[in-house]
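As stored in query-v9.tsv (TSV, C-alpha atoms):
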chain	number	residue	atom	x	y	z
A	28	LEU	CA	20.52	20.35	-8.88
A	29	ILE	CA	17.60	18.39	-7.48
A	30	ARG	CA	19.78	15.26	-7.44
A	31	ASP	CA	22.15	17.01	-5.03
A	32	GLN	CA	19.27	18.32	-2.97
A	33	LEU	CA	17.85	14.81	-2.59
A	34	ALA	CA	21.00	13.75	-0.81
A	35	ALA	CA	20.27	16.30	1.90
A	36	ILE	CA	16.85	14.79	2.65
A	37	GLU	CA	17.48	11.34	4.10
A	38	LYS	CA	15.25	11.27	7.15
A	39	VAL	CA	12.73	8.64	6.02
A	40	SER	CA	12.82	5.34	7.87
A	41	ARG	CA	12.81	2.29	5.61
A	42	GLY	CA	11.12	0.15	8.25
A	43	GLN	CA	7.70	1.59	7.54
A	44	LYS	CA	4.44	-0.03	8.61
A	45	VAL	CA	0.88	0.40	7.40
A	46	VAL	CA	-2.02	0.94	9.75
A	47	ARG	CA	-5.08	-1.26	9.33
A	48	SER	CA	-7.84	0.78	7.76
A	49	GLU	CA	-11.55	0.45	8.35
A	50	VAL	CA	-11.76	-1.36	5.00
A	51	ASP	CA	-11.04	-5.09	5.32
A	52	GLU	CA	-11.50	-6.76	1.94
A	53	GLN	CA	-12.73	-4.30	-0.66
A	54	ASP	CA	-12.22	-2.91	-4.13
A	55	VAL	CA	-12.82	0.74	-4.91
A	56	VAL	CA	-13.78	1.42	-8.54
A	57	ALA	CA	-14.32	4.71	-10.36
A	58	PHE	CA	-14.48	5.96	-13.94
A	59	ALA	CA	-13.50	9.23	-15.60
A	60	GLY	CA	-12.17	10.36	-18.93
A	61	THR	CA	-11.31	12.91	-21.55
A	62	ALA	CA	-13.15	13.80	-24.75
A	63	SER	CA	-12.00	10.61	-26.46
A	64	ALA	CA	-11.00	8.09	-23.78
A	65	VAL	CA	-12.30	6.72	-20.49
A	66	CYS	CA	-10.26	5.12	-17.72
A	67	ALA	CA	-11.46	2.65	-15.08
A	68	ALA	CA	-9.36	2.90	-11.90
A	69	ILE	CA	-9.40	0.19	-9.25
A	70	LEU	CA	-7.91	0.32	-5.75
A	71	ARG	CA	-7.62	-3.15	-4.20
A	72	PHE	CA	-7.62	-3.52	-0.42
A	73	ARG	CA	-6.80	-6.78	1.33
A	74	GLU	CA	-6.67	-7.06	5.12
A	75	GLY	CA	-7.17	-3.32	5.28
A	76	ARG	CA	-4.12	-2.52	3.15
A	77	LEU	CA	-3.93	-1.05	-0.32
A	78	VAL	CA	-2.13	-3.85	-2.14
A	79	ASP	CA	-2.60	-2.82	-5.76
A	80	LYS	CA	-4.00	-0.14	-8.04
A	81	ARG	CA	-4.96	-0.75	-11.65
A	82	GLU	CA	-6.04	1.41	-14.57
A	83	PHE	CA	-7.81	0.27	-17.74
A	84	LEU	CA	-8.00	2.70	-20.64
A	85	PHE	CA	-10.70	2.64	-23.31
A	86	HIS	CA	-10.31	4.82	-26.40
A	87	ASP	CA	-12.93	6.39	-28.63
A	88	THR	CA	-15.69	6.52	-26.04
A	89	GLN	CA	-17.23	9.04	-23.69
A	90	ASP	CA	-20.12	6.87	-22.53
A	91	ILE	CA	-19.09	6.19	-18.93
A	92	PRO	CA	-22.44	4.67	-17.82
A	93	ALA	CA	-22.38	2.15	-20.67
A	94	LEU	CA	-18.74	1.32	-20.01
A	95	ARG	CA	-19.39	0.90	-16.27
A	96	GLU	CA	-22.29	-1.47	-17.01
A	97	GLU	CA	-20.11	-3.55	-19.35
A	98	PHE	CA	-16.81	-3.39	-17.48
A	99	LEU	CA	-17.79	-4.50	-13.97
A	100	PRO	CA	-19.31	-7.90	-14.86
A	101	ARG	CA	-16.58	-8.58	-17.40
A	102	TYR	CA	-13.79	-7.76	-14.95
A	103	TYR	CA	-15.15	-9.77	-12.03
A	104	LEU	CA	-17.11	-12.57	-13.73
A	105	GLU	CA	-15.45	-13.19	-17.09
A	106	ASP	CA	-11.80	-12.42	-16.28
A	107	ASN	CA	-11.82	-14.59	-13.14
A	108	GLU	CA	-10.66	-11.78	-10.87
A	109	PHE	CA	-10.92	-12.30	-7.12
A	110	ILE	CA	-14.26	-10.99	-5.89
A	111	PRO	CA	-13.96	-9.16	-2.54
A	112	LYS	CA	-16.66	-8.89	0.12
A	113	SER	CA	-17.33	-5.28	-0.80
A	114	ILE	CA	-17.06	-3.22	-3.98
A	115	ALA	CA	-17.43	0.56	-3.60
A	116	VAL	CA	-18.16	2.38	-6.87
A	117	ASP	CA	-18.63	5.97	-7.96
A	118	GLU	CA	-22.05	5.16	-9.41
A	119	LEU	CA	-24.11	1.99	-9.56
A	120	PRO	CA	-24.40	0.44	-13.03
A	121	ALA	CA	-27.75	-0.42	-14.55
A	122	GLY	CA	-28.84	-3.80	-13.23
A	123	SER	CA	-26.70	-3.46	-10.12
A	124	GLY	CA	-28.97	-5.73	-8.07
A	125	GLU	CA	-28.58	-8.62	-10.50
A	126	LEU	CA	-24.84	-7.98	-10.74
A	127	ALA	CA	-24.48	-8.10	-6.95
A	128	ARG	CA	-26.41	-11.39	-6.93
A	129	LEU	CA	-24.12	-12.93	-9.58
A	130	LEU	CA	-21.02	-11.69	-7.76
A	131	GLY	CA	-22.22	-13.26	-4.52
A	132	GLU	CA	-23.12	-16.49	-6.26
A	133	THR	CA	-19.67	-16.70	-7.83
A	134	ARG	CA	-17.89	-15.80	-4.60
A	135	GLY	CA	-20.02	-18.13	-2.49
A	136	SER	CA	-21.12	-15.42	-0.06
A	137	LYS	CA	-22.86	-12.05	-0.17
A	138	VAL	CA	-21.08	-9.20	-1.96
A	139	ARG	CA	-21.91	-5.59	-1.19
A	140	LEU	CA	-21.94	-3.37	-4.29
A	141	TYR	CA	-22.62	0.22	-3.25
A	142	VAL	CA	-21.88	3.93	-3.56
A	143	PRO	CA	-20.43	5.31	-0.30
A	144	GLN	CA	-21.95	8.64	0.66
A	145	ARG	CA	-19.48	9.82	3.30
A	146	GLY	CA	-16.45	8.85	5.33
A	147	ASP	CA	-13.11	7.30	4.39
A	148	THR	CA	-14.47	5.05	1.65
A	149	ALA	CA	-16.14	7.98	-0.10
A	150	ARG	CA	-12.75	9.73	-0.11
A	151	LEU	CA	-11.15	6.63	-1.61
A	152	VAL	CA	-13.75	6.60	-4.41
A	153	GLU	CA	-12.96	10.24	-5.12
A	154	MET	CA	-9.25	9.43	-5.21
A	155	ALA	CA	-9.85	6.56	-7.65
A	156	ARG	CA	-11.99	8.79	-9.88
A	157	THR	CA	-9.34	11.53	-9.89
A	158	ASN	CA	-6.67	8.99	-10.73
A	159	ALA	CA	-8.83	7.67	-13.59
A	160	PHE	CA	-9.14	11.14	-15.08
A	161	LEU	CA	-5.42	11.89	-14.78
A	162	GLN	CA	-4.41	8.56	-16.27
A	163	SER	CA	-6.82	8.91	-19.16
A	164	ARG	CA	-5.41	12.33	-20.03
A	165	ILE	CA	-1.78	11.20	-19.81
A	166	ALA	CA	-2.44	8.06	-21.86
A	167	GLU	CA	-4.35	10.05	-24.44
A	168	LEU	CA	-1.45	12.47	-24.91
A	169	GLU	CA	1.00	9.59	-25.32
A	170	ARG	CA	-1.30	7.86	-27.79
A	171	ILE	CA	-1.84	11.00	-29.87
A	172	ILE	CA	1.88	11.74	-30.16
A	173	ALA	CA	2.78	8.11	-30.94
A	174	GLU	CA	0.06	7.86	-33.58
A	175	ALA	CA	0.93	11.24	-35.11
A	176	GLY	CA	4.23	9.98	-36.48
A	177	LYS	CA	2.63	6.88	-37.98
A	178	LEU	CA	-0.15	8.89	-39.60
A	179	ILE	CA	2.05	11.56	-41.17
A	180	SER	CA	4.30	8.81	-42.52
A	181	GLU	CA	1.34	7.04	-44.10
A	182	LEU	CA	-0.09	10.29	-45.44
A	183	SER	CA	3.15	11.52	-47.00
A	184	GLY	CA	4.72	8.21	-47.96
A	185	TYR	CA	7.98	9.12	-46.19
A	186	PRO	CA	9.58	8.16	-42.82
A	187	SER	CA	8.72	10.36	-39.85
A	188	LEU	CA	10.37	11.67	-36.70
A	189	THR	CA	8.20	12.63	-33.73
A	190	MET	CA	9.59	14.31	-30.64
A	191	THR	CA	7.76	13.60	-27.38
A	192	PRO	CA	6.72	16.78	-25.53
A	193	ARG	CA	9.71	18.94	-24.67
A	194	LEU	CA	8.58	20.79	-21.57
A	195	GLN	CA	11.72	22.65	-20.61
A	196	GLY	CA	10.81	25.39	-18.17
A	197	THR	CA	7.62	23.64	-17.08
A	198	VAL	CA	6.59	24.89	-13.65
A	199	ILE	CA	4.79	23.28	-10.74
A	200	GLU	CA	1.11	24.11	-10.58
A	201	ARG	CA	-0.13	21.91	-7.75
A	202	ILE	CA	0.99	19.20	-5.34
A	203	ASP	CA	-1.73	17.07	-3.79
A	204	LEU	CA	-1.38	14.42	-1.10
A	205	MET	CA	-4.51	12.28	-1.29
A	206	PRO	CA	-5.15	10.02	1.73
A	207	VAL	CA	-5.43	6.26	1.44
A	208	ASP	CA	-5.20	5.44	5.15
A	209	GLY	CA	-3.29	6.76	8.14
A	210	TYR	CA	0.09	5.63	6.83
A	211	GLN	CA	-0.43	5.83	3.05
A	212	PHE	CA	-1.13	8.62	0.60
A	213	VAL	CA	-0.98	9.19	-3.15
A	214	LEU	CA	1.33	12.04	-4.16
A	215	ILE	CA	0.12	13.89	-7.27
A	216	LEU	CA	2.30	16.47	-9.04
A	217	VAL	CA	0.49	18.62	-11.63
A	218	THR	CA	2.52	20.87	-13.94
A	219	SER	CA	1.64	24.05	-15.79
A	220	ASP	CA	1.26	22.02	-18.99
A	221	GLY	CA	-1.35	19.77	-17.42
A	222	LEU	CA	0.90	16.74	-17.19
A	223	VAL	CA	0.84	14.64	-14.07
A	224	LYS	CA	3.08	12.34	-12.05
A	225	ASN	CA	1.71	10.28	-9.20
A	226	ARG	CA	3.08	7.81	-6.68
A	227	LEU	CA	1.78	5.77	-3.76
A	228	CYS	CA	3.75	6.67	-0.62
A	229	ARG	CA	3.97	5.10	2.84
A	230	THR	CA	5.03	7.02	5.92
A	231	ARG	CA	6.61	6.24	9.29
A	232	LEU	CA	4.23	8.57	11.17
A	233	PRO	CA	0.43	8.68	10.88
A	234	LEU	CA	-0.86	11.51	8.70
A	235	PRO	CA	-4.50	12.43	9.42
A	236	PHE	CA	-6.56	13.49	6.42
A	237	ASP	CA	-6.83	17.11	7.59
A	238	LEU	CA	-3.06	17.31	8.05
A	239	LEU	CA	-2.47	15.97	4.53
A	240	ARG	CA	-4.64	18.75	3.14
A	241	GLU	CA	-2.65	21.33	5.10
A	242	ILE	CA	0.64	19.87	3.86
A	243	SER	CA	-0.69	19.86	0.28
A	244	ASP	CA	-1.60	23.56	0.58
A	245	LEU	CA	1.82	24.37	2.07
A	246	LEU	CA	3.77	22.52	-0.64
A	247	THR	CA	1.67	24.07	-3.39
A	248	SER	CA	1.96	27.62	-2.03
A	249	ARG	CA	5.74	27.37	-1.58
A	250	LEU	CA	6.55	25.56	-4.86
A	251	ARG	CA	3.91	26.85	-7.29
A	252	ASP	CA	5.42	28.50	-10.40
A	253	THR	CA	8.83	26.98	-9.64
A	254	ALA	CA	10.47	25.30	-12.65
A	255	LEU	CA	10.88	21.55	-12.21
A	256	SER	CA	14.65	21.81	-12.44
A	257	GLU	CA	14.97	24.88	-10.21
A	258	VAL	CA	13.73	23.86	-6.77
A	259	SER	CA	16.28	25.57	-4.53
A	260	VAL	CA	18.04	24.50	-1.36
A	261	HIS	CA	16.56	27.60	0.30
A	262	GLN	CA	13.01	26.49	-0.58
A	263	ILE	CA	13.71	23.02	0.78
A	264	ALA	CA	15.12	24.44	4.02
A	265	LEU	CA	12.03	26.62	4.53
A	266	LEU	CA	9.74	23.65	3.88
A	267	GLN	CA	11.70	21.47	6.29
A	268	HIS	CA	11.29	24.08	8.99
A	269	ALA	CA	7.57	24.55	8.29
A	270	LEU	CA	6.87	20.80	8.22
A	271	GLY	CA	8.75	20.06	11.43
A	272	GLU	CA	8.50	16.37	12.36
A	273	TYR	CA	6.68	15.71	9.08
A	274	ASP	CA	9.56	16.89	6.89
A	275	PHE	CA	10.03	13.30	5.67
A	276	VAL	CA	7.20	14.06	3.21
A	277	LEU	CA	9.73	16.07	1.19
A	278	GLN	CA	11.65	12.94	0.17
A	279	PRO	CA	9.03	11.49	-2.22
A	280	VAL	CA	8.01	14.99	-3.36
A	281	LEU	CA	11.53	15.84	-4.50
A	282	GLN	CA	12.00	12.43	-6.10
A	283	VAL	CA	8.84	12.85	-8.17
A	284	ILE	CA	9.84	16.39	-9.19
A	285	HIS	CA	13.28	15.13	-10.19
A	286	GLU	CA	11.83	12.28	-12.28
A	287	ALA	CA	9.37	14.68	-13.91
A	288	ALA	CA	12.20	17.08	-14.80
A	289	ILE	CA	14.19	14.29	-16.45
A	290	SER	CA	11.27	12.83	-18.41
A	291	MET	CA	9.83	16.17	-19.51
A	292	GLU	CA	13.01	18.01	-20.39
A	293	ASN	CA	14.84	15.19	-22.20
A	294	PRO	CA	12.44	14.17	-24.96
A	295	GLU	CA	12.60	11.01	-27.00
A	296	VAL	CA	12.44	11.20	-30.79
A	297	ILE	CA	10.49	8.33	-32.35
A	298	LEU	CA	11.38	7.07	-35.83
A	299	GLY	CA	8.44	5.72	-37.80
A	300	GLY	CA	7.90	4.30	-41.26
A	301	GLU	CA	11.60	3.77	-41.92
A	302	GLY	CA	10.77	0.95	-44.32
A	303	ARG	CA	9.40	3.57	-46.70
A	304	LEU	CA	12.98	4.59	-47.48
A	305	LEU	CA	13.30	1.46	-49.59
A	306	GLU	CA	10.47	2.71	-51.79
A	307	GLN	CA	12.62	5.66	-52.89
A	308	PRO	CA	15.04	5.17	-55.82
A	309	GLU	CA	17.75	7.08	-53.92
A	310	PHE	CA	17.77	4.34	-51.27
A	311	HIS	CA	17.89	1.26	-53.46
A	312	ASP	CA	21.57	1.06	-52.55
A	313	LEU	CA	21.29	-1.18	-49.48
A	314	ASP	CA	24.66	-0.16	-48.04
A	315	LYS	CA	23.69	3.51	-48.25
A	316	THR	CA	20.29	2.80	-46.70
A	317	ARG	CA	21.81	0.73	-43.90
A	318	GLU	CA	24.27	3.49	-43.09
A	319	PHE	CA	21.49	6.09	-43.01
A	320	LEU	CA	19.26	3.95	-40.80
A	321	ASP	CA	22.17	3.22	-38.45
A	322	PHE	CA	22.60	6.97	-38.06
A	323	LEU	CA	18.89	7.36	-37.21
A	324	GLN	CA	18.99	4.64	-34.53
A	325	ASP	CA	20.64	7.05	-32.10
A	326	ASN	CA	18.16	9.25	-30.22
A	327	GLU	CA	20.61	12.15	-29.98
A	328	ALA	CA	21.15	12.02	-33.75
A	329	ARG	CA	17.39	12.13	-34.29
A	330	ARG	CA	17.17	15.17	-32.02
A	331	LEU	CA	19.87	16.90	-34.07
A	332	VAL	CA	17.85	16.28	-37.24
A	333	LEU	CA	14.98	18.27	-35.71
A	334	LEU	CA	17.15	21.05	-34.29
A	335	PRO	CA	16.47	23.59	-37.11
A	336	ALA	CA	12.74	23.60	-36.26
A	337	GLN	CA	13.02	24.11	-32.51
A	338	GLY	CA	11.97	27.58	-31.46
A	339	HIS	CA	10.65	28.49	-34.92
A	340	GLU	CA	7.03	29.05	-35.83
A	341	GLY	CA	5.47	27.50	-38.89
A	342	ILE	CA	7.05	24.88	-41.12
A	343	THR	CA	10.82	24.57	-41.55
A	344	VAL	CA	12.30	22.87	-44.63
A	345	THR	CA	15.94	21.94	-45.09
A	346	ILE	CA	17.03	20.68	-48.50
A	347	GLY	CA	20.29	18.85	-49.09
A	348	GLN	CA	23.25	21.13	-48.36
A	349	GLU	CA	21.07	23.46	-46.27
A	350	HIS	CA	21.03	20.92	-43.45
A	351	PRO	CA	23.95	21.10	-40.97
A	352	LEU	CA	24.29	17.31	-40.72
A	353	ASP	CA	26.44	15.60	-43.34
A	354	GLN	CA	24.24	12.47	-43.19
A	355	LEU	CA	21.30	14.51	-44.56
A	356	ARG	CA	23.04	16.23	-47.47
A	357	ASP	CA	21.18	13.99	-49.94
A	358	SER	CA	17.84	14.35	-48.20
A	359	SER	CA	15.14	16.86	-47.35
A	360	VAL	CA	13.45	17.32	-43.99
A	361	VAL	CA	10.06	18.98	-43.54
A	362	MET	CA	9.40	19.76	-39.87
A	363	GLY	CA	7.21	21.84	-37.62
A	364	ASN	CA	6.38	22.35	-33.97
A	365	TYR	CA	3.25	21.06	-32.32
A	366	MET	CA	1.72	23.10	-29.55
A	367	LEU	CA	0.16	22.95	-26.09
A	368	GLY	CA	-1.88	26.14	-26.06
A	369	ASP	CA	0.35	28.79	-27.62
A	370	ARG	CA	3.56	27.06	-26.55
A	371	PRO	CA	5.64	24.85	-28.88
A	372	VAL	CA	6.56	21.67	-27.00
A	373	GLY	CA	7.64	19.18	-29.65
A	374	VAL	CA	8.57	18.68	-33.29
A	375	ILE	CA	7.18	16.37	-35.94
A	376	ALA	CA	8.96	15.82	-39.26
A	377	ILE	CA	9.18	13.74	-42.41
A	378	LEU	CA	12.38	12.78	-44.23
A	379	GLY	CA	12.66	12.14	-47.94
A	380	PRO	CA	14.73	12.66	-51.06
A	381	THR	CA	15.52	16.14	-52.30
A	382	ARG	CA	13.21	15.54	-55.28
A	383	MET	CA	10.08	15.16	-53.09
A	384	ASP	CA	6.86	16.82	-54.26
A	385	TYR	CA	7.14	19.86	-51.96
A	386	ARG	CA	3.80	21.39	-52.90
A	387	ARG	CA	1.91	18.21	-52.01
A	388	VAL	CA	3.97	17.45	-48.92
A	389	LEU	CA	3.79	20.97	-47.48
A	390	GLY	CA	0.03	21.09	-47.94
A	391	GLN	CA	-0.39	17.72	-46.22
A	392	PHE	CA	2.02	18.65	-43.44
A	393	GLU	CA	0.35	21.98	-42.64
A	394	TYR	CA	-3.12	20.39	-42.58
A	395	PHE	CA	-1.87	17.57	-40.35
A	396	THR	CA	-0.04	19.73	-37.79
A	397	ASN	CA	-3.03	22.09	-37.51
A	398	GLY	CA	-5.24	19.11	-36.74
A	399	LEU	CA	-2.74	17.75	-34.22
A	400	ASN	CA	-2.57	21.10	-32.41
A	401	LYS	CA	-6.36	21.26	-32.23
A	402	LEU	CA	-6.53	17.76	-30.73
A	403	LEU	CA	-3.93	18.59	-28.10
A	404	GLN	CA	-5.65	21.84	-27.16
A	405	GLU	CA	-8.98	20.05	-26.71
A	406	LEU	CA	-7.30	17.39	-24.60
A	407	PHE	CA	-5.60	19.81	-22.22
A	408	GLU	CA	-8.56	22.14	-21.92
A	409	SER	CA	-10.83	19.26	-20.93
A	410	GLN	CA	-11.99	19.38	-17.34
A	411	ASP	CA	-12.50	16.53	-14.93
A	412	PRO	CA	-16.25	15.88	-15.11
A	413	LYS	CA	-17.84	15.50	-11.71

Would you give me this structure, written as structure tokens?
Amino acid sequence: LIRDQLAAIEKVSRGQKVVRSEVDEQDVVAFAGTASAVCAAILRFREGRLVDKREFLFHDTQDIPALREEFLPRYYLEDNEFIPKSIAVDELPAGSGELARLLGETRGSKVRLYVPQRGDTARLVEMARTNAFLQSRIAELERIIAEAGKLISELSGYPSLTMTPRLQGTVIERIDLMPVDGYQFVLILVTSDGLVKNRLCRTRLPLPFDLLREISDLLTSRLRDTALSEVSVHQIALLQHALGEYDFVLQPVLQVIHEAAISMENPEVILGGEGRLLEQPEFHDLDKTREFLDFLQDNEARRLVLLPAQGHEGITVTIGQEHPLDQLRDSSVVMGNYMLGDRPVGVIAILGPTRMDYRRVLGQFEYFTNGLNKLLQELFESQDPK
């Protein structure tokens, strides 16, 4: 297990320090997005150190130039954020000269608003833009799945269960170490399903930018196509040998892989619209309804409700005695898998009385799941626009 393997990698010093970068007091701002959401990512440097990173997500827009023009003055001038000496951006907004003047006037001294063309700051802008894209895609997936349960409940008039993506067997596609300064980097783990984990890491030895790229290539080549839960002791030993004095990089890498394995392979099942049970004559008995809802409060119980649909194509219906759980013998469950590409990764369902209008419900359910699958495919086929 990765947890056991982590115990074998304990060579990272906790007394880490951060080198002073060329950047003194500066924010780095970049924008990127998916087909239906844009993220603004900000890296905040104070006294040459990265002290904070922030992401702001905006749904139902693809107009990055308009958002950039609106966001920057609102963030710095209306929200009373600290205005640094320098703000590096991926592109200048319309009216950038007037914005720089207002920023300087508010700060009380000149503020440089610019697009770096080369060097360390240009790399930081690229890192912020990449982070914006990744965060927008992750947030969009979470939003779609969370909203799916609410929408199918409203559409059908029955409570819903929505399983978050079950990515058992997900493999590593890429590991990137993106430089911040000599002693800091952002670790990015990308899986075969397009999901991402990232973490800011500090090191006890300086890691030049070129060396980070070499380490990224090494980690990716050795771990690509390995399942998250199947990183072996042999692979770790080979990486330790190859990395030599830099083998401490493995510690955060394995931690992030372990966390990804837990979060992706142990899905949550979200209950939505439970109040709609009270609209059904079969649940006018409050004691019966309370008992049923108590049963559904347990995540493992909710997962068991969806078990008949897992691994099956199309729509699965269990009616009364057909369901293996005693608590559902007076109910019907209509459920189906949603997909990433051609791979089923989660289940969505509605629960109702055995007398439900199956023709209406099945038609609604099929139409809804087809639309959900199309949305997810568009999201995960979207590319990071340069």

Point (16.5, 7.9, -41.2), cut-off 10 Å, counting all atoms listed in the file, residues as a PyMOL selection string: chain A and resi 185-188+298-304+316-324+328-329+332+354-355+358+377-379

Pick from A:Leu232, A:Val258, A:Leu129, A:Val207, whichever lies nearest to Arg101 of chain A using all atoms listed in the file: A:Leu129

Distance of atom CA of Asp203 of chain A from atom CA of Thr247 of chain A, expressed in Å to one decimal place: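 Those two atoms sit 7.8 Å apart.
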
Using all atoms listed in the file: which of A:Leu305, A:Gly363, A:Glu349, A:Leu246 has the shortest distance to Val276 of chain A: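 Counting all atoms listed in the file, the residue closest to Val276 of chain A is A:Leu246.
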
Using 9 Å as the limit and counting all atoms listed in the file, can you tabulate each residue of segment 169-268 of chain A that touches segment 386-393 of chain A, with its shortest atom-to-atom distance in Å and the two atoms involved, as a Markdown table?
| residue | atom | partner | partner_atom | distance |
| --- | --- | --- | --- | --- |
| A:Ile179 | CA | A:Phe392 | CA | 7.4 |
| A:Leu182 | CA | A:Gln391 | CA | 7.5 |
| A:Ser183 | CA | A:Val388 | CA | 6.3 |

Distance in Å - atom CA of Arg128 of chain A versus atom CA of Glu97 of chain A: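 Those two atoms sit 16.0 Å apart.
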
A:Phe109, A:Ile202, A:Val344, A:Pro100 ranked by distance to Leu277 of chain A, top pick (using all atoms listed in the file): A:Ile202

Best match for closeness to Glu272 of chain A among A:Gln211, A:Thr230, A:Gln89, A:Asn326, counting only C-alpha atoms: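 Of the candidates, the smallest distance to Glu272 of chain A is held by A:Thr230.
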
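For the pair atom CA of Arg229 of chain A and atom CA of Leu77 of chain A, the separation is 10.5 Å.
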
Distance criterion (only C-alpha atoms): nearest to Glu82 of chain A out of A:Leu104, A:Ala166, A:Glu96, A:Thr148: A:Ala166

Local residues around (-5.4, 20.6, 3.4), at most 12 Å away, using all atoms listed in the file, as an MDAnalysis selection string: chainID A and resid 202:206 234:248

Spatial neighbours of Leu403 of chain A, 10 Å, all atoms listed in the file, chain gap at least 6 places, as a list of chain:residue names: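 In the requested format, the answer is A:Glu167, A:Leu168, A:Ile171, A:Ile172, A:Tyr365, A:Met366, A:Leu367, A:Gly368, A:Ser409.
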
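Closest approach to Asn225 of chain A among A:Lys80, A:His350, A:Arg95, A:Arg73 is made by A:Lys80 (distances from only C-alpha atoms).
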
Show me a table, sorted first by chain and then by increasing residue number, of the residues of segment 126-178 of chain A having an atom at most 9 Å from segment 54-70 of chain A, each with its shortest atom pair and the distance in Å to one decimal, counting only C-alpha atoms and written as a Markdown table.
| residue | atom | partner | partner_atom | distance |
| --- | --- | --- | --- | --- |
| A:Thr148 | CA | A:Val55 | CA | 8.0 |
| A:Leu151 | CA | A:Val55 | CA | 7.0 |
| A:Val152 | CA | A:Val55 | CA | 6.0 |
| A:Glu153 | CA | A:Ala57 | CA | 7.7 |
| A:Met154 | CA | A:Ala57 | CA | 8.6 |
| A:Ala155 | CA | A:Ala57 | CA | 5.5 |
| A:Arg156 | CA | A:Ala57 | CA | 4.7 |
| A:Thr157 | CA | A:Ala59 | CA | 7.4 |
| A:Asn158 | CA | A:Ala68 | CA | 6.8 |
| A:Ala159 | CA | A:Cys66 | CA | 5.1 |
| A:Phe160 | CA | A:Ala59 | CA | 4.8 |
| A:Leu161 | CA | A:Gly60 | CA | 8.1 |
| A:Gln162 | CA | A:Cys66 | CA | 6.9 |
| A:Ser163 | CA | A:Cys66 | CA | 5.3 |
| A:Arg164 | CA | A:Thr61 | CA | 6.1 |
| A:Ala166 | CA | A:Ala64 | CA | 8.8 |
| A:Glu167 | CA | A:Ala64 | CA | 7.0 |

Selection near Ser113 of chain A, 9 Å with only C-alpha atoms, sequence-local residues under 5 positions removed, as a list in words: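 After dropping sequence-adjacent residues, the list is Val50, Asp51, Glu52, Gln53, Asp54, Val55, Lys137, Val138, Arg139, Leu140 and Tyr141 of chain A.
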
Selection near Glu327 of chain A, 12 Å with only C-alpha atoms, sequence-local residues under 3 positions removed, as a ChimeraX atom specification: /A:190,293-297,322-324,330-334

For those residues, write C-alpha atoms to a file as a tab-separated table (two decimals), in the coordinates of the input.
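Everything below was put into again.tsv:
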chain	number	residue	atom	x	y	z
A	190	MET	CA	9.59	14.31	-30.64
A	293	ASN	CA	14.84	15.19	-22.20
A	294	PRO	CA	12.44	14.17	-24.96
A	295	GLU	CA	12.60	11.01	-27.00
A	296	VAL	CA	12.44	11.20	-30.79
A	297	ILE	CA	10.49	8.33	-32.35
A	322	PHE	CA	22.60	6.97	-38.06
A	323	LEU	CA	18.89	7.36	-37.21
A	324	GLN	CA	18.99	4.64	-34.53
A	330	ARG	CA	17.17	15.17	-32.02
A	331	LEU	CA	19.87	16.90	-34.07
A	332	VAL	CA	17.85	16.28	-37.24
A	333	LEU	CA	14.98	18.27	-35.71
A	334	LEU	CA	17.15	21.05	-34.29

If the box runs along x, y and z of the file and leaves 8 Å on each side of segment 317-331 of chain A, what are its centre and edge lengths in Å, one decimal, as AutoDock Vina command-line options?
--center_x 20.7 --center_y 8.8 --center_z -36.9 --size_x 23.1 --size_y 32.2 --size_z 29.9
